[in-house]
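Colleague: Input structure: coords-v4.csv, which contains CSV, C-alpha atoms.
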```
chain,number,residue,atom,x,y,z
S,3,MET,CA,-0.2,4.0,-4.0
S,4,ALA,CA,-2.5,7.0,-4.2
S,5,ASP,CA,-5.1,4.8,-6.0
S,6,GLU,CA,-5.5,2.5,-2.9
S,7,VAL,CA,-8.9,2.8,-1.3
S,8,GLN,CA,-8.6,3.6,2.4
S,9,PRO,CA,-11.3,2.3,4.6
S,10,ASP,CA,-13.4,5.0,6.2
S,11,ALA,CA,-13.6,5.4,10.0
S,12,ASP,CA,-17.1,3.9,10.0
S,13,SER,CA,-16.1,0.6,8.5
S,14,LEU,CA,-13.1,0.4,10.8
S,15,ALA,CA,-15.3,1.0,13.8
S,16,ARG,CA,-17.5,-2.0,12.8
S,17,LYS,CA,-14.6,-4.4,13.2
S,18,TRP,CA,-14.3,-3.8,16.9
S,19,TRP,CA,-17.0,-5.0,19.3
S,20,SER,CA,-18.7,-2.3,21.3
S,21,ASP,CA,-19.9,-2.8,24.9
S,22,ALA,CA,-23.5,-2.7,23.6
S,23,ASP,CA,-22.8,-5.4,21.0
S,24,ASP,CA,-21.1,-7.5,23.7
S,25,LEU,CA,-24.1,-7.1,26.0
S,26,SER,CA,-26.4,-8.1,23.2
S,27,LEU,CA,-24.4,-11.2,22.4
S,28,LEU,CA,-24.2,-12.2,26.1
S,29,THR,CA,-27.9,-11.7,26.6
S,30,GLN,CA,-28.7,-13.9,23.5
S,31,VAL,CA,-26.2,-16.5,24.7
S,32,ASN,CA,-27.7,-16.4,28.2
S,33,ASN,CA,-31.2,-16.9,26.7
S,34,ASP,CA,-30.4,-19.7,24.2
S,35,LEU,CA,-27.3,-21.4,25.8
S,36,PRO,CA,-25.9,-22.5,22.4
S,37,PHE,CA,-23.0,-24.3,24.0
S,38,LYS,CA,-25.4,-26.8,25.6
S,39,HIS,CA,-26.5,-28.3,22.2
S,40,ALA,CA,-24.7,-31.6,22.0
S,41,LYS,CA,-25.2,-32.4,18.4
S,42,SER,CA,-25.7,-29.1,16.6
S,43,THR,CA,-23.6,-26.6,18.4
S,44,ALA,CA,-22.6,-24.8,15.2
S,45,LYS,CA,-26.3,-24.5,14.1
S,46,ALA,CA,-27.2,-23.1,17.6
S,47,TRP,CA,-24.4,-20.5,17.3
S,48,ASP,CA,-25.6,-19.7,13.7
S,49,SER,CA,-29.1,-19.2,15.0
S,50,ASP,CA,-27.9,-16.9,17.8
S,51,ALA,CA,-26.0,-14.9,15.2
S,52,ALA,CA,-29.0,-14.6,12.9
S,53,LYS,CA,-31.1,-13.4,15.9
S,54,LEU,CA,-28.5,-10.8,16.8
S,55,LEU,CA,-28.4,-9.5,13.2
S,56,GLN,CA,-32.1,-8.9,13.3
S,57,ALA,CA,-31.9,-6.9,16.5
S,58,PRO,CA,-32.0,-3.1,15.8
S,59,SER,CA,-29.6,-2.4,18.7
S,60,PHE,CA,-26.9,-4.7,17.3
S,61,ALA,CA,-24.5,-2.6,15.2
S,62,ARG,CA,-22.2,-5.3,13.7
S,63,ASN,CA,-22.6,-6.6,10.1
S,64,GLY,CA,-21.6,-10.0,8.8
S,65,LEU,CA,-21.9,-11.9,12.0
S,66,ASP,CA,-22.0,-15.7,11.8
S,67,GLY,CA,-22.0,-18.5,14.4
S,68,GLU,CA,-18.2,-18.9,14.3
S,69,LYS,CA,-17.6,-15.2,15.0
S,70,ALA,CA,-20.3,-15.1,17.7
S,71,SER,CA,-18.9,-18.2,19.5
S,72,SER,CA,-15.3,-16.9,19.2
S,73,ARG,CA,-16.2,-13.6,20.7
S,74,CYS,CA,-18.3,-15.2,23.5
S,75,PHE,CA,-15.5,-17.6,24.5
S,76,HIS,CA,-13.0,-14.7,24.4
S,77,LEU,CA,-15.2,-12.7,26.7
S,78,LEU,CA,-15.5,-15.7,29.1
S,79,ARG,CA,-11.7,-16.3,29.1
S,80,VAL,CA,-11.0,-12.6,29.9
S,81,HIS,CA,-13.7,-12.6,32.6
S,82,ARG,CA,-12.3,-15.8,34.2
S,83,LYS,CA,-8.9,-14.1,34.5
S,84,PHE,CA,-10.6,-11.0,35.9
S,85,GLN,CA,-12.4,-13.1,38.5
S,86,GLU,CA,-9.1,-14.8,39.5
S,87,THR,CA,-7.4,-11.5,40.0
S,88,SER,CA,-10.3,-9.8,41.7
S,89,LYS,CA,-10.7,-12.5,44.4
S,90,TYR,CA,-7.5,-11.2,45.9
S,91,MET,CA,-8.8,-7.7,46.1
S,92,SER,CA,-11.0,-8.3,49.1
S,93,GLY,CA,-12.5,-5.1,50.5
S,94,VAL,CA,-12.0,-3.2,47.3
S,95,ALA,CA,-15.3,-1.8,45.8
S,96,GLN,CA,-15.8,-3.0,42.2
S,97,ASP,CA,-18.5,-1.9,39.8
S,98,GLU,CA,-21.0,-4.5,38.9
S,99,THR,CA,-22.1,-3.6,35.4
S,100,GLY,CA,-24.8,-5.4,33.4
S,101,LYS,CA,-22.0,-6.9,31.3
S,102,ILE,CA,-20.2,-8.3,34.4
S,103,VAL,CA,-23.4,-9.7,35.8
S,104,LEU,CA,-24.2,-11.5,32.5
S,105,LEU,CA,-20.6,-12.7,32.2
S,106,ASP,CA,-20.9,-14.2,35.7
S,107,GLU,CA,-24.1,-16.0,34.8
S,108,VAL,CA,-22.9,-17.3,31.4
S,109,LEU,CA,-19.5,-18.4,32.8
S,110,GLN,CA,-21.2,-20.3,35.6
S,111,LEU,CA,-23.6,-22.0,33.2
S,112,TYR,CA,-20.8,-22.8,30.8
S,113,GLU,CA,-18.5,-24.3,33.6
S,114,GLU,CA,-21.4,-26.3,35.0
S,115,HIS,CA,-22.1,-27.7,31.5
S,116,THR,CA,-18.5,-28.5,31.0
S,117,GLU,CA,-18.3,-30.4,34.3
S,118,GLN,CA,-21.5,-32.3,33.4
S,119,ARG,CA,-20.1,-33.3,30.0
S,120,LYS,CA,-16.8,-34.5,31.7
S,121,ALA,CA,-18.7,-36.6,34.2
S,122,GLU,CA,-20.9,-38.1,31.4
S,123,ARG,CA,-17.7,-38.9,29.4
S,124,ALA,CA,-16.1,-40.5,32.4
S,125,THR,CA,-19.2,-42.6,33.0
S,126,THR,CA,-19.3,-43.7,29.4
S,127,THR,CA,-15.6,-44.6,29.4
S,128,ALA,CA,-15.9,-46.5,32.6
S,129,GLU,CA,-18.9,-48.5,31.2
S,130,ALA,CA,-17.0,-49.3,28.0
S,131,SER,CA,-14.0,-50.7,29.9
```
Could the structure of this file be written out as structure tokens, please?

Modeller:
Amino acid sequence: MADEVQPDADSLARKWWSDADDLSLLTQVNNDLPFKHAKSTAKAWDSDAAKLLQAPSFARNGLDGEKASSRCFHLLRVHRKFQETSKYMSGVAQDETGKIVLLDEVLQLYEEHTEQRKAERATTTAEAS
């Protein structure tokens, strides 16, 4: 057991996303909107991941499109829950950080895109019937 190599604190820290990394991811997603690519969504996420890896402010290693999309959608789910609970807190002051503003924008764009795709599918299904 003494021969086992223990990961150092630096490598463990890289496994968790920092707020700066989340902000970089959300900024890139807001710029490129990879979820809007109908045919090549995976390629769009891979492209975003490659751009993030080239950014000097992005501290994570080994990012690919799947990890980027997974983290982005996780952030959107958590933010949607936050919005649902915060709407009942009328009159309570809440901090609007850059991350929250970006999450608001990306979530709105994602929900609009989802509704548009549902409408297109309903139209296609109705025409096929």

Colleague: Interatomic distance between atom CA of S:Ala46 and atom CA of S:Thr125?

Modeller: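 These two atoms are separated by 26.1 Å.
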
Colleague: What gap, in Å, lies between atom CA of S:Arg79 and atom CA of S:Phe60?

Modeller: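 It comes out at 22.5 Å.
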
Colleague: Suppose you want the space between atom CA of S:Gly64 and atom CA of S:Asp24; what is it in Å?

Modeller: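 Distance between the two atoms: 15.1 Å.
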
Colleague: Could you check which of S:His76, S:His81, S:Lys69, S:Lys101 is closest to S:Ala22, using all atoms listed in the file?

Modeller: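 Residue with the minimum atom-to-atom distance to S:Ala22: S:Lys101.
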
Colleague: Quick one: everything within 9 Å of S:Trp47, counting only C-alpha atoms, minus sequence neighbours fewer than 5 positions away in the same chain. Send it as a PyMOL selection string.

Modeller: chain S and resi 31+36-37+42+52+66-71

Colleague: Pull the neighbourhood of (-28.7, -14.2, 18.4) for me: all residues within 9 Å in file coordinates, counting all atoms listed in the file, as a CSV table (one decimal) with C-alpha atoms, in the frame of the given file.

Modeller:
```csv
chain,number,residue,atom,x,y,z
S,26,SER,CA,-26.4,-8.1,23.2
S,27,LEU,CA,-24.4,-11.2,22.4
S,29,THR,CA,-27.9,-11.7,26.6
S,30,GLN,CA,-28.7,-13.9,23.5
S,31,VAL,CA,-26.2,-16.5,24.7
S,34,ASP,CA,-30.4,-19.7,24.2
S,47,TRP,CA,-24.4,-20.5,17.3
S,48,ASP,CA,-25.6,-19.7,13.7
S,49,SER,CA,-29.1,-19.2,15.0
S,50,ASP,CA,-27.9,-16.9,17.8
S,51,ALA,CA,-26.0,-14.9,15.2
S,52,ALA,CA,-29.0,-14.6,12.9
S,53,LYS,CA,-31.1,-13.4,15.9
S,54,LEU,CA,-28.5,-10.8,16.8
S,55,LEU,CA,-28.4,-9.5,13.2
S,56,GLN,CA,-32.1,-8.9,13.3
S,57,ALA,CA,-31.9,-6.9,16.5
S,67,GLY,CA,-22.0,-18.5,14.4
S,70,ALA,CA,-20.3,-15.1,17.7
```

Colleague: Might you pull out every residue within 12 Å of S:Arg82, with only C-alpha atoms counted and same-chain residues fewer than 2 positions away left off, and present them as a CSV table (one decimal) with C-alpha atoms, keeping the file's coordinate frame?

Modeller:
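Generated output (selection_14.csv):
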```csv
chain,number,residue,atom,x,y,z
S,75,PHE,CA,-15.5,-17.6,24.5
S,76,HIS,CA,-13.0,-14.7,24.4
S,77,LEU,CA,-15.2,-12.7,26.7
S,78,LEU,CA,-15.5,-15.7,29.1
S,79,ARG,CA,-11.7,-16.3,29.1
S,80,VAL,CA,-11.0,-12.6,29.9
S,84,PHE,CA,-10.6,-11.0,35.9
S,85,GLN,CA,-12.4,-13.1,38.5
S,86,GLU,CA,-9.1,-14.8,39.5
S,87,THR,CA,-7.4,-11.5,40.0
S,88,SER,CA,-10.3,-9.8,41.7
S,89,LYS,CA,-10.7,-12.5,44.4
S,102,ILE,CA,-20.2,-8.3,34.4
S,105,LEU,CA,-20.6,-12.7,32.2
S,106,ASP,CA,-20.9,-14.2,35.7
S,107,GLU,CA,-24.1,-16.0,34.8
S,108,VAL,CA,-22.9,-17.3,31.4
S,109,LEU,CA,-19.5,-18.4,32.8
S,110,GLN,CA,-21.2,-20.3,35.6
S,112,TYR,CA,-20.8,-22.8,30.8
S,113,GLU,CA,-18.5,-24.3,33.6
```

Colleague: Ranking S:Cys74, S:Gln118, S:Lys45, S:Ala61 by minimum distance to S:Asn32 and counting only C-alpha atoms, which one comes first?

Modeller: S:Cys74

Colleague: Select, from S:Leu65, S:Thr99, S:Thr43, S:Leu104, the residue with the minimum atom-to-atom distance to S:Leu28, counting all atoms listed in the file.

Modeller: S:Leu104
